[in-house]
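J.: Input structure: upload37.tsv, which contains TSV, N, CA and C atoms.
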chain	number	residue	atom	x	y	z
A	282	MET	N	0.85	-1.17	0.00
A	282	MET	CA	0.00	0.00	0.00
A	282	MET	C	0.89	1.23	0.00
A	283	THR	N	0.68	2.10	-0.95
A	283	THR	CA	1.38	3.39	-0.96
A	283	THR	C	0.33	4.47	-0.97
A	284	MET	N	0.74	5.65	-0.59
A	284	MET	CA	-0.21	6.75	-0.57
A	284	MET	C	0.15	7.75	-1.65
A	285	PRO	N	-0.82	8.48	-2.17
A	285	PRO	CA	-0.52	9.52	-3.13
A	285	PRO	C	0.41	10.55	-2.50
A	286	GLU	N	1.29	11.12	-3.31
A	286	GLU	CA	2.25	12.07	-2.76
A	286	GLU	C	1.59	13.27	-2.10
A	287	SER	N	0.44	13.67	-2.60
A	287	SER	CA	-0.22	14.83	-2.03
A	287	SER	C	-0.84	14.54	-0.67
A	288	GLN	N	-1.03	13.26	-0.35
A	288	GLN	CA	-1.64	12.89	0.93
A	288	GLN	C	-0.56	12.65	1.97
A	289	LYS	N	-0.77	13.14	3.17
A	289	LYS	CA	0.18	12.92	4.26
A	289	LYS	C	-0.49	12.05	5.31
A	290	TRP	N	0.25	11.06	5.79
A	290	TRP	CA	-0.22	10.22	6.87
A	290	TRP	C	0.37	10.73	8.16
A	291	SER	N	-0.40	10.69	9.22
A	291	SER	CA	0.15	10.99	10.54
A	291	SER	C	0.95	9.78	11.00
A	292	SER	N	1.81	9.98	11.99
A	292	SER	CA	2.59	8.86	12.51
A	292	SER	C	1.67	7.78	13.08
A	293	GLU	N	0.54	8.18	13.66
A	293	GLU	CA	-0.41	7.21	14.20
A	293	GLU	C	-1.06	6.39	13.09
A	294	GLN	N	-1.36	7.02	11.96
A	294	GLN	CA	-1.95	6.29	10.84
A	294	GLN	C	-0.94	5.30	10.25
A	295	ILE	N	0.31	5.73	10.15
A	295	ILE	CA	1.35	4.83	9.65
A	295	ILE	C	1.50	3.63	10.58
A	296	TRP	N	1.56	3.89	11.89
A	296	TRP	CA	1.72	2.80	12.85
A	296	TRP	C	0.49	1.89	12.84
A	297	GLY	N	-0.68	2.45	12.67
A	297	GLY	CA	-1.90	1.65	12.57
A	297	GLY	C	-1.84	0.70	11.38
A	298	TYR	N	-1.34	1.19	10.25
A	298	TYR	CA	-1.16	0.35	9.07
A	298	TYR	C	-0.17	-0.78	9.36
A	299	VAL	N	0.95	-0.45	10.02
A	299	VAL	CA	1.95	-1.46	10.37
A	299	VAL	C	1.32	-2.52	11.28
A	300	LEU	N	0.63	-2.07	12.32
A	300	LEU	CA	0.02	-3.01	13.26
A	300	LEU	C	-0.99	-3.93	12.59
A	301	SER	N	-1.85	-3.36	11.75
A	301	SER	CA	-2.87	-4.20	11.10
A	301	SER	C	-2.23	-5.22	10.17
A	302	THR	N	-1.18	-4.84	9.49
A	302	THR	CA	-0.51	-5.77	8.60
A	302	THR	C	0.22	-6.86	9.39
A	303	LEU	N	0.94	-6.46	10.44
A	303	LEU	CA	1.64	-7.44	11.26
A	303	LEU	C	0.66	-8.41	11.93
A	304	GLN	N	-0.47	-7.90	12.37
A	304	GLN	CA	-1.46	-8.75	13.05
A	304	GLN	C	-1.95	-9.85	12.11
A	305	GLN	N	-2.07	-9.54	10.84
A	305	GLN	CA	-2.51	-10.55	9.86
A	305	GLN	C	-1.42	-11.59	9.59
A	306	ASP	N	-0.15	-11.18	9.71
A	306	ASP	CA	0.97	-12.03	9.32
A	306	ASP	C	1.59	-12.82	10.47
A	307	MET	N	1.22	-12.52	11.71
A	307	MET	CA	1.85	-13.14	12.87
A	307	MET	C	0.84	-13.98	13.64
A	308	SER	N	1.38	-14.86	14.48
A	308	SER	CA	0.48	-15.58	15.38
A	308	SER	C	-0.11	-14.60	16.39
A	309	LYS	N	-1.29	-14.88	16.86
A	309	LYS	CA	-1.94	-14.01	17.85
A	309	LYS	C	-1.09	-13.89	19.10
A	310	ALA	N	-0.50	-14.99	19.55
A	310	ALA	CA	0.33	-14.97	20.77
A	310	ALA	C	1.53	-14.04	20.61
A	311	ASN	N	2.25	-14.14	19.50
A	311	ASN	CA	3.40	-13.27	19.28
A	311	ASN	C	2.99	-11.81	19.14
A	312	PHE	N	1.93	-11.58	18.38
A	312	PHE	CA	1.48	-10.21	18.19
A	312	PHE	C	1.08	-9.59	19.53
A	313	ASP	N	0.25	-10.31	20.28
A	313	ASP	CA	-0.23	-9.77	21.56
A	313	ASP	C	0.90	-9.59	22.57
A	314	THR	N	1.89	-10.47	22.56
A	314	THR	CA	2.98	-10.40	23.52
A	314	THR	C	3.99	-9.32	23.18
A	315	TRP	N	4.38	-9.21	21.91
A	315	TRP	CA	5.52	-8.37	21.55
A	315	TRP	C	5.17	-7.09	20.82
A	316	VAL	N	4.10	-7.07	20.07
A	316	VAL	CA	3.85	-5.95	19.17
A	316	VAL	C	2.72	-5.04	19.64
A	317	LYS	N	1.66	-5.62	20.13
A	317	LYS	CA	0.42	-4.89	20.43
A	317	LYS	C	0.65	-3.69	21.37
A	318	SER	N	1.50	-3.84	22.36
A	318	SER	CA	1.69	-2.76	23.34
A	318	SER	C	2.66	-1.67	22.87
A	319	ALA	N	3.39	-1.91	21.79
A	319	ALA	CA	4.31	-0.89	21.28
A	319	ALA	C	3.51	0.26	20.67
A	320	GLU	N	4.03	1.46	20.80
A	320	GLU	CA	3.33	2.64	20.30
A	320	GLU	C	4.31	3.57	19.60
A	321	VAL	N	3.81	4.28	18.62
A	321	VAL	CA	4.64	5.28	17.96
A	321	VAL	C	4.93	6.41	18.95
A	322	MET	N	6.18	6.83	19.00
A	322	MET	CA	6.57	7.93	19.88
A	322	MET	C	6.80	9.21	19.09
A	323	SER	N	7.44	9.06	17.94
A	323	SER	CA	7.69	10.24	17.11
A	323	SER	C	8.04	9.80	15.69
A	324	PHE	N	7.88	10.74	14.78
A	324	PHE	CA	8.30	10.55	13.40
A	324	PHE	C	8.64	11.90	12.84
A	325	ASP	N	9.92	12.10	12.52
A	325	ASP	CA	10.37	13.39	12.02
A	325	ASP	C	10.50	13.42	10.50
A	326	GLY	N	10.04	12.38	9.84
A	326	GLY	CA	10.15	12.30	8.39
A	326	GLY	C	11.28	11.38	7.96
A	327	ASP	N	12.29	11.22	8.81
A	327	ASP	CA	13.41	10.35	8.51
A	327	ASP	C	13.51	9.17	9.47
A	328	THR	N	13.16	9.41	10.73
A	328	THR	CA	13.29	8.38	11.76
A	328	THR	C	11.94	8.17	12.44
A	329	PHE	N	11.52	6.92	12.47
A	329	PHE	CA	10.25	6.53	13.08
A	329	PHE	C	10.60	5.84	14.39
A	330	VAL	N	10.21	6.44	15.51
A	330	VAL	CA	10.56	5.92	16.83
A	330	VAL	C	9.37	5.21	17.44
A	331	VAL	N	9.59	3.95	17.81
A	331	VAL	CA	8.55	3.13	18.42
A	331	VAL	C	8.90	2.92	19.88
A	332	GLY	N	7.94	3.19	20.76
A	332	GLY	CA	8.15	3.04	22.20
A	332	GLY	C	7.75	1.67	22.68
A	333	CYS	N	8.60	1.11	23.54
A	333	CYS	CA	8.36	-0.20	24.14
A	333	CYS	C	8.40	-0.05	25.66
A	334	TYR	N	7.71	-0.92	26.36
A	334	TYR	CA	7.60	-0.80	27.80
A	334	TYR	C	8.65	-1.59	28.57
A	335	ASN	N	9.40	-2.47	27.87
A	335	ASN	CA	10.46	-3.19	28.58
A	335	ASN	C	11.56	-3.59	27.60
A	336	ASP	N	12.69	-3.98	28.16
A	336	ASP	CA	13.85	-4.38	27.35
A	336	ASP	C	13.56	-5.57	26.45
A	337	TYR	N	12.80	-6.53	26.98
A	337	TYR	CA	12.50	-7.74	26.22
A	337	TYR	C	11.73	-7.40	24.95
A	338	GLY	N	10.70	-6.59	25.08
A	338	GLY	CA	9.91	-6.20	23.93
A	338	GLY	C	10.72	-5.40	22.92
A	339	ARG	N	11.51	-4.47	23.42
A	339	ARG	CA	12.36	-3.66	22.53
A	339	ARG	C	13.33	-4.57	21.76
A	340	ASP	N	14.00	-5.46	22.47
A	340	ASP	CA	14.98	-6.34	21.83
A	340	ASP	C	14.31	-7.29	20.84
A	341	TRP	N	13.14	-7.82	21.19
A	341	TRP	CA	12.43	-8.73	20.31
A	341	TRP	C	12.07	-8.02	19.00
A	342	LEU	N	11.51	-6.82	19.10
A	342	LEU	CA	11.14	-6.07	17.91
A	342	LEU	C	12.38	-5.70	17.10
A	343	GLU	N	13.41	-5.25	17.77
A	343	GLU	CA	14.66	-4.85	17.09
A	343	GLU	C	15.25	-6.02	16.30
A	344	ASN	N	15.30	-7.19	16.92
A	344	ASN	CA	15.96	-8.34	16.31
A	344	ASN	C	15.10	-9.08	15.29
A	345	ARG	N	13.79	-9.02	15.43
A	345	ARG	CA	12.93	-9.84	14.57
A	345	ARG	C	12.09	-9.07	13.57
A	346	LEU	N	11.76	-7.81	13.87
A	346	LEU	CA	10.82	-7.12	12.98
A	346	LEU	C	11.31	-5.78	12.44
A	347	LYS	N	12.47	-5.34	12.85
A	347	LYS	CA	12.93	-4.01	12.42
A	347	LYS	C	12.96	-3.88	10.90
A	348	ALA	N	13.60	-4.81	10.22
A	348	ALA	CA	13.71	-4.72	8.75
A	348	ALA	C	12.33	-4.76	8.10
A	349	THR	N	11.44	-5.61	8.61
A	349	THR	CA	10.09	-5.71	8.06
A	349	THR	C	9.32	-4.41	8.25
A	350	ILE	N	9.39	-3.84	9.46
A	350	ILE	CA	8.68	-2.60	9.74
A	350	ILE	C	9.24	-1.45	8.90
A	351	GLN	N	10.56	-1.39	8.75
A	351	GLN	CA	11.16	-0.35	7.90
A	351	GLN	C	10.67	-0.48	6.46
A	352	ARG	N	10.64	-1.70	5.94
A	352	ARG	CA	10.15	-1.91	4.57
A	352	ARG	C	8.69	-1.50	4.43
A	353	MET	N	7.88	-1.84	5.43
A	353	MET	CA	6.45	-1.51	5.38
A	353	MET	C	6.24	0.00	5.36
A	354	ILE	N	6.94	0.71	6.24
A	354	ILE	CA	6.78	2.17	6.31
A	354	ILE	C	7.33	2.82	5.05
A	355	THR	N	8.50	2.37	4.60
A	355	THR	CA	9.09	2.91	3.38
A	355	THR	C	8.14	2.72	2.20
A	356	GLY	N	7.52	1.55	2.10
A	356	GLY	CA	6.57	1.30	1.02
A	356	GLY	C	5.32	2.16	1.13
A	357	ALA	N	4.87	2.37	2.35
A	357	ALA	CA	3.63	3.14	2.56
A	357	ALA	C	3.82	4.61	2.22
A	358	ILE	N	4.96	5.18	2.60
A	358	ILE	CA	5.15	6.62	2.38
A	358	ILE	C	6.04	6.91	1.18
A	359	ASN	N	6.53	5.84	0.54
A	359	ASN	CA	7.29	5.95	-0.69
A	359	ASN	C	8.61	6.71	-0.55
A	360	ARG	N	9.28	6.50	0.59
A	360	ARG	CA	10.63	7.02	0.79
A	360	ARG	C	11.25	6.31	1.98
A	361	PRO	N	12.58	6.22	2.01
A	361	PRO	CA	13.23	5.45	3.07
A	361	PRO	C	13.10	6.10	4.45
A	362	VAL	N	12.97	5.25	5.45
A	362	VAL	CA	12.95	5.70	6.85
A	362	VAL	C	13.81	4.74	7.68
A	363	VAL	N	14.21	5.23	8.82
A	363	VAL	CA	14.92	4.41	9.80
A	363	VAL	C	13.95	4.19	10.96
A	364	VAL	N	13.86	2.97	11.44
A	364	VAL	CA	13.00	2.66	12.59
A	364	VAL	C	13.90	2.42	13.79
A	365	GLU	N	13.54	3.07	14.90
A	365	GLU	CA	14.25	2.87	16.16
A	365	GLU	C	13.26	2.44	17.22
A	366	PHE	N	13.71	1.59	18.13
A	366	PHE	CA	12.90	1.14	19.24
A	366	PHE	C	13.50	1.68	20.52
A	367	LYS	N	12.70	2.39	21.29
A	367	LYS	CA	13.16	3.02	22.53
A	367	LYS	C	12.28	2.58	23.69
A	368	LEU	N	12.85	2.68	24.88
A	368	LEU	CA	12.07	2.40	26.09
A	368	LEU	C	11.41	3.67	26.57
A	369	TYR	N	10.15	3.55	26.97
A	369	TYR	CA	9.49	4.68	27.60
A	369	TYR	C	10.18	4.99	28.92
A	370	ASN	N	10.23	6.26	29.27
A	370	ASN	CA	10.74	6.73	30.55
A	370	ASN	C	12.21	6.40	30.78
A	371	GLN	N	12.93	5.97	29.77
A	371	GLN	CA	14.36	5.76	29.92
A	371	GLN	C	15.07	6.40	28.73
A	372	ASP	N	14.93	5.80	27.57
A	372	ASP	CA	15.56	6.33	26.37
A	372	ASP	C	14.81	7.56	25.86
A	373	TYR	N	13.53	7.61	26.09
A	373	TYR	CA	12.68	8.62	25.46
A	373	TYR	C	11.57	8.99	26.43
A	374	PRO	N	11.78	9.97	27.30
A	374	PRO	CA	10.82	10.24	28.37
A	374	PRO	C	9.49	10.84	27.96
A	375	GLN	N	9.41	11.51	26.82
A	375	GLN	CA	8.15	12.14	26.44
A	375	GLN	C	7.48	11.34	25.34
A	376	THR	N	6.18	11.19	25.45
A	376	THR	CA	5.43	10.50	24.42
A	376	THR	C	4.90	11.51	23.42
A	377	VAL	N	4.36	11.02	22.33
A	377	VAL	CA	3.77	11.89	21.32
A	377	VAL	C	2.68	12.74	21.94
A	378	GLU	N	1.86	12.14	22.80
A	378	GLU	CA	0.76	12.89	23.41
A	378	GLU	C	1.30	14.04	24.26
A	379	ALA	N	2.37	13.82	25.01
A	379	ALA	CA	2.95	14.89	25.83
A	379	ALA	C	3.46	16.00	24.95
A	380	ASP	N	4.11	15.66	23.84
A	380	ASP	CA	4.59	16.69	22.93
A	380	ASP	C	3.43	17.47	22.33
A	381	ALA	N	2.34	16.78	22.00
A	381	ALA	CA	1.18	17.45	21.42
A	381	ALA	C	0.59	18.44	22.41
A	382	GLU	N	0.59	18.11	23.69
A	382	GLU	CA	0.07	19.04	24.68
A	382	GLU	C	0.94	20.27	24.78
A	383	ILE	N	2.23	20.11	24.71
A	383	ILE	CA	3.14	21.25	24.79
A	383	ILE	C	2.97	22.16	23.60
A	384	ASP	N	2.76	21.57	22.41
A	384	ASP	CA	2.62	22.37	21.21
A	384	ASP	C	1.22	22.95	21.02
A	385	ASP	N	0.28	22.57	21.86
A	385	ASP	CA	-1.09	23.04	21.74
A	385	ASP	C	-1.16	24.52	22.12
A	386	PRO	N	-1.60	25.39	21.22
A	386	PRO	CA	-1.64	26.83	21.52
A	386	PRO	C	-2.62	27.17	22.63
A	387	LYS	N	-3.53	26.25	22.96
A	387	LYS	CA	-4.49	26.54	24.03
A	387	LYS	C	-3.87	26.37	25.41
A	388	VAL	N	-2.69	25.74	25.48
A	388	VAL	CA	-2.04	25.51	26.75
A	388	VAL	C	-1.26	26.76	27.15
A	389	ASP	N	-1.53	27.26	28.33
A	389	ASP	CA	-0.82	28.45	28.81
A	389	ASP	C	0.52	28.00	29.36
A	390	GLN	N	1.61	28.33	28.66
A	390	GLN	CA	2.94	27.91	29.07
A	390	GLN	C	3.62	28.93	29.96
A	391	ALA	N	2.99	30.04	30.23
A	391	ALA	CA	3.61	31.10	31.06
A	391	ALA	C	3.19	30.92	32.51
A	392	SER	N	3.50	29.78	33.09
A	392	SER	CA	3.14	29.51	34.49
A	392	SER	C	4.25	29.87	35.39
For the file at hand, write its structure as C-alpha coordinates.

T.:
Amino acid sequence: MTMPESQKWSSEQIWGYVLSTLQQDMSKANFDTWVKSAEVMSFDGDTFVVGCYNDYGRDWLENRLKATIQRMITGAINRPVVVEFKLYNQDYPQTVEADAEIDDPKVDQAS
(Lines of atoms letter the chains of each structure in order from A and count residues from 1; the text may use other names and numbers.)
(Lines give C-alpha, C1' and ligand atoms only; values in the text may rest on other atoms or scores of the structure.)
Protein backbone atom coordinates (compact mmCIF):
# COMPACT_ATOMS: atom_id res chain seq x y z
CA MET A 1 0.00 0.00 0.00
CA THR A 2 1.38 3.39 -0.96
CA MET A 3 -0.21 6.75 -0.57
CA PRO A 4 -0.52 9.52 -3.13
CA GLU A 5 2.25 12.07 -2.76
CA SER A 6 -0.22 14.83 -2.03
CA GLN A 7 -1.64 12.89 0.93
CA LYS A 8 0.18 12.92 4.26
CA TRP A 9 -0.22 10.22 6.87
CA SER A 10 0.15 10.99 10.54
CA SER A 11 2.59 8.86 12.51
CA GLU A 12 -0.41 7.21 14.20
CA GLN A 13 -1.95 6.29 10.84
CA ILE A 14 1.35 4.83 9.65
CA TRP A 15 1.72 2.80 12.85
CA GLY A 16 -1.90 1.65 12.57
CA TYR A 17 -1.16 0.35 9.07
CA VAL A 18 1.95 -1.46 10.37
CA LEU A 19 0.02 -3.01 13.26
CA SER A 20 -2.87 -4.20 11.10
CA THR A 21 -0.51 -5.77 8.60
CA LEU A 22 1.64 -7.44 11.26
CA GLN A 23 -1.46 -8.75 13.05
CA GLN A 24 -2.51 -10.55 9.86
CA ASP A 25 0.97 -12.03 9.32
CA MET A 26 1.85 -13.14 12.87
CA SER A 27 0.48 -15.58 15.38
CA LYS A 28 -1.94 -14.01 17.85
CA ALA A 29 0.33 -14.97 20.77
CA ASN A 30 3.40 -13.27 19.28
CA PHE A 31 1.48 -10.21 18.19
CA ASP A 32 -0.23 -9.77 21.56
CA THR A 33 2.98 -10.40 23.52
CA TRP A 34 5.52 -8.37 21.55
CA VAL A 35 3.85 -5.95 19.17
CA LYS A 36 0.42 -4.89 20.43
CA SER A 37 1.69 -2.76 23.34
CA ALA A 38 4.31 -0.89 21.28
CA GLU A 39 3.33 2.64 20.30
CA VAL A 40 4.64 5.28 17.96
CA MET A 41 6.57 7.93 19.88
CA SER A 42 7.69 10.24 17.11
CA PHE A 43 8.30 10.55 13.40
CA ASP A 44 10.37 13.39 12.02
CA GLY A 45 10.15 12.30 8.39
CA ASP A 46 13.41 10.35 8.51
CA THR A 47 13.29 8.38 11.76
CA PHE A 48 10.25 6.53 13.08
CA VAL A 49 10.56 5.92 16.83
CA VAL A 50 8.55 3.13 18.42
CA GLY A 51 8.15 3.04 22.20
CA CYS A 52 8.36 -0.20 24.14
CA TYR A 53 7.60 -0.80 27.80
CA ASN A 54 10.46 -3.19 28.58
CA ASP A 55 13.85 -4.38 27.35
CA TYR A 56 12.50 -7.74 26.22
CA GLY A 57 9.91 -6.20 23.93
CA ARG A 58 12.36 -3.66 22.53
CA ASP A 59 14.98 -6.34 21.83
CA TRP A 60 12.43 -8.73 20.31
CA LEU A 61 11.14 -6.07 17.91
CA GLU A 62 14.66 -4.85 17.09
CA ASN A 63 15.96 -8.34 16.31
CA ARG A 64 12.93 -9.84 14.57
CA LEU A 65 10.82 -7.12 12.98
CA LYS A 66 12.93 -4.01 12.42
CA ALA A 67 13.71 -4.72 8.75
CA THR A 68 10.09 -5.71 8.06
CA ILE A 69 8.68 -2.60 9.74
CA GLN A 70 11.16 -0.35 7.90
CA ARG A 71 10.15 -1.91 4.57
CA MET A 72 6.45 -1.51 5.38
CA ILE A 73 6.78 2.17 6.31
CA THR A 74 9.09 2.91 3.38
CA GLY A 75 6.57 1.30 1.02
CA ALA A 76 3.63 3.14 2.56
CA ILE A 77 5.15 6.62 2.38
CA ASN A 78 7.29 5.95 -0.69
CA ARG A 79 10.63 7.02 0.79
CA PRO A 80 13.23 5.45 3.07
CA VAL A 81 12.95 5.70 6.85
CA VAL A 82 14.92 4.41 9.80
CA VAL A 83 13.00 2.66 12.59
CA GLU A 84 14.25 2.87 16.16
CA PHE A 85 12.90 1.14 19.24
CA LYS A 86 13.16 3.02 22.53
CA LEU A 87 12.07 2.40 26.09
CA TYR A 88 9.49 4.68 27.60
CA ASN A 89 10.74 6.73 30.55
CA GLN A 90 14.36 5.76 29.92
CA ASP A 91 15.56 6.33 26.37
CA TYR A 92 12.68 8.62 25.46
CA PRO A 93 10.82 10.24 28.37
CA GLN A 94 8.15 12.14 26.44
CA THR A 95 5.43 10.50 24.42
CA VAL A 96 3.77 11.89 21.32
CA GLU A 97 0.76 12.89 23.41
CA ALA A 98 2.95 14.89 25.83
CA ASP A 99 4.59 16.69 22.93
CA ALA A 100 1.18 17.45 21.42
CA GLU A 101 0.07 19.04 24.68
CA ILE A 102 3.14 21.25 24.79
CA ASP A 103 2.62 22.37 21.21
CA ASP A 104 -1.09 23.04 21.74
CA PRO A 105 -1.64 26.83 21.52
CA LYS A 106 -4.49 26.54 24.03
CA VAL A 107 -2.04 25.51 26.75
CA ASP A 108 -0.82 28.45 28.81
CA GLN A 109 2.94 27.91 29.07
CA ALA A 110 3.61 31.10 31.06
CA SER A 111 3.14 29.51 34.49

J.: Out of A:Lys317, A:Val331, A:Glu343, A:Arg352, which residue has the shortest atom-to-atom distance to Glu365 (chain A) when counting all atoms listed in the file?

T.: A:Val331

J.: Put the listed atoms of region 320-336 of chain A in a box along x, y and z with 6 Å added on every side and give me the centre and edge lengths in Å to one decimal, as JSON.

T.:
{"center_x": 8.6, "center_y": 3.9, "center_z": 18.3, "size_x": 22.5, "size_y": 31.0, "size_z": 32.6}

J.: What's around Gly326 (chain A) at 12 Å? Count only C-alpha atoms, leave out sequence neighbours fewer than 3 positions away in its own chain, and write the answer as a list in words.

T.: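 The contact residues come out as Lys289, Trp290, Ser291, Ser292, Ile295, Ser323, Phe329, Val330, Ile354, Thr355, Ile358, Asn359, Arg360, Pro361, Val362, Val363 and Val364 of chain A.
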
J.: For CA of Gly338 (chain A) and CA of Trp296 (chain A), quote the distance in Å rounded to one decimal.

T.: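 Computed distance, CA of Gly338 (chain A) to CA of Trp296 (chain A), equals 16.5 Å.
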
J.: Please indicate the distance in Å from atom N of Ala319 (chain A) to atom N of Cys333 (chain A), rounded to one decimal place.

T.: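 Separating atom N of Ala319 (chain A) from atom N of Cys333 (chain A) is a distance of 6.3 Å.
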
J.: Would you compute the distance between atom N of Thr302 (chain A) and CA of Asn370 (chain A)? Give it in Å to one decimal.

T.: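 Between atom N of Thr302 (chain A) and CA of Asn370 (chain A) the gap is 26.8 Å.
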